[in-house]
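Trainee: Before I ask anything, here is the structure I am working with.
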Amino acid sequence: MQSLTSLELQDPEWLTLLKTEVASGRTITEVAAEVGLSRPALSTLVSGKYPARLDKIERKFAAIILAKYKAQVFCPHVQAGIPGELCRTHANTPMTTSRPEKLRQWLACRDCPQNPNIDTENTNRRPK
């Protein structure tokens, strides 16, 4: 049985994209400036030594990274990048109660910051 401390977890897609950009020969300073991260933060992320949880970084930068390096939007519900057209399809799909996973996706889209139908000026964050 493996101990919990030796488990190898897969990097999130957005972090893999950052590592790929740096490994392709671009400097950490260039990549950091492109996505809006500080150079030290990107350096510790890429080296695997980032001292804090990744969820705050993910919330703030995953959408930017996926849009810039993969032409996708970050879907907080599936925790991965999806094509923009699929995001719009999910956002415009009517509510269904016949399949629980579709209902969960619909509910997640209702308050998602990536939802193209959300009125950003309205504080209740519901689609127009």
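Residue numbering restarts at 1 in every chain; chains get A, B, ... in the order shown in the structure tokens, and ligands count up from 1 in that same order.
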Report as a PyMOL selection string: the residues of segment 35-104 of chain A with a DSSP assignment of helix (DSSP H, G or I), based on the backbone of this structure.
Mentor: chain A and resi 35+39-47+55-70+84-92+100-104
Trainee: Please identify all polymer residues within 12 Å of segment 51-56 of chain A, counting only C-alpha atoms, omitting same-chain residues fewer than 6 positions from it, and present them as a PyMOL selection string.
Mentor: chain A and resi 11-12+14-15+40-45+62+76+79
Trainee: Save out the residues we just selected, C-alpha atoms, as a PDB file, in the first residue's frame.
Mentor:
```pdb
ATOM      1  CA  ASP A  11      -0.751  18.728 -12.766  1.00  0.00           C
ATOM      2  CA  PRO A  12      -3.817  20.756 -13.772  1.00  0.00           C
ATOM      3  CA  TRP A  14      -3.248  25.162 -17.096  1.00  0.00           C
ATOM      4  CA  LEU A  15      -0.060  24.365 -15.155  1.00  0.00           C
ATOM      5  CA  PRO A  40       8.804  34.405  -8.757  1.00  0.00           C
ATOM      6  CA  ALA A  41       5.298  32.903  -8.600  1.00  0.00           C
ATOM      7  CA  LEU A  42       5.649  31.365 -12.063  1.00  0.00           C
ATOM      8  CA  SER A  43       9.120  30.098 -11.235  1.00  0.00           C
ATOM      9  CA  THR A  44       7.911  28.279  -8.117  1.00  0.00           C
ATOM     10  CA  LEU A  45       4.841  26.939  -9.967  1.00  0.00           C
ATOM     11  CA  ALA A  62      -6.454  29.419 -15.484  1.00  0.00           C
ATOM     12  CA  PRO A  76     -14.685  25.653 -13.245  1.00  0.00           C
ATOM     13  CA  GLN A  79     -11.863  21.858 -13.817  1.00  0.00           C
TER      14      GLN A  79
END
```
Trainee: Give me every strand (DSSP E or B) residue in chain A, going by DSSP on the backbone, as a count of residues only.
Mentor: 10
Trainee: Considering only C-alpha atoms, can you say which of A:Ala108, A:Ile65, A:Val31, A:Leu18 comes closest to Val46 of chain A?
Mentor: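 Ranking A:Ala108, A:Ile65, A:Val31, A:Leu18 by distance to Val46 of chain A, first place goes to A:Leu18.
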Trainee: Compile the contact shell of segment 90-101 of chain A as a PyMOL selection string: residues with an atom at most 9 Å away, counting only C-alpha atoms, same-chain residues fewer than 4 positions apart removed.
Mentor: chain A and resi 85-86+105-107+109-110+112+115-117+127
Trainee: Taking only C-alpha atoms into account, name the residue in A:Arg59, A:Leu37, A:Arg104, A:Ser47 that is nearest to Ala23 of chain A.
Mentor: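 Closest to Ala23 of chain A of all the choices is A:Ser47.
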Trainee: Between atom CA of Glu13 of chain A and atom CA of Ala32 of chain A, what is the spacing in Å?
Mentor: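 Between these atoms lies a distance of 16.7 Å.
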Trainee: Select, from A:Lys68, A:Lys49, A:Lys102, A:Lys19, the residue with the minimum atom-to-atom distance to Gly36 of chain A, counting only C-alpha atoms.
Mentor: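 Ranking A:Lys68, A:Lys49, A:Lys102, A:Lys19 by distance to Gly36 of chain A, first place goes to A:Lys68.
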Trainee: Separation of atom CA of Ile118 of chain A and atom CA of Cys87 of chain A, in Å?
Mentor: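 Atom-to-atom, atom CA of Ile118 of chain A to atom CA of Cys87 of chain A, that is 12.7 Å.
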Trainee: Between A:Leu9, A:Ile57, A:Thr29, A:Gly84, single out the one closest to Lys70 of chain A, counting only C-alpha atoms.
Mentor: A:Gly84
Trainee: Record the distance separating atom CA of Thr20 of chain A and atom CA of Tyr69 of chain A, expressed in Å with one decimal.
Mentor: 9.7 Å
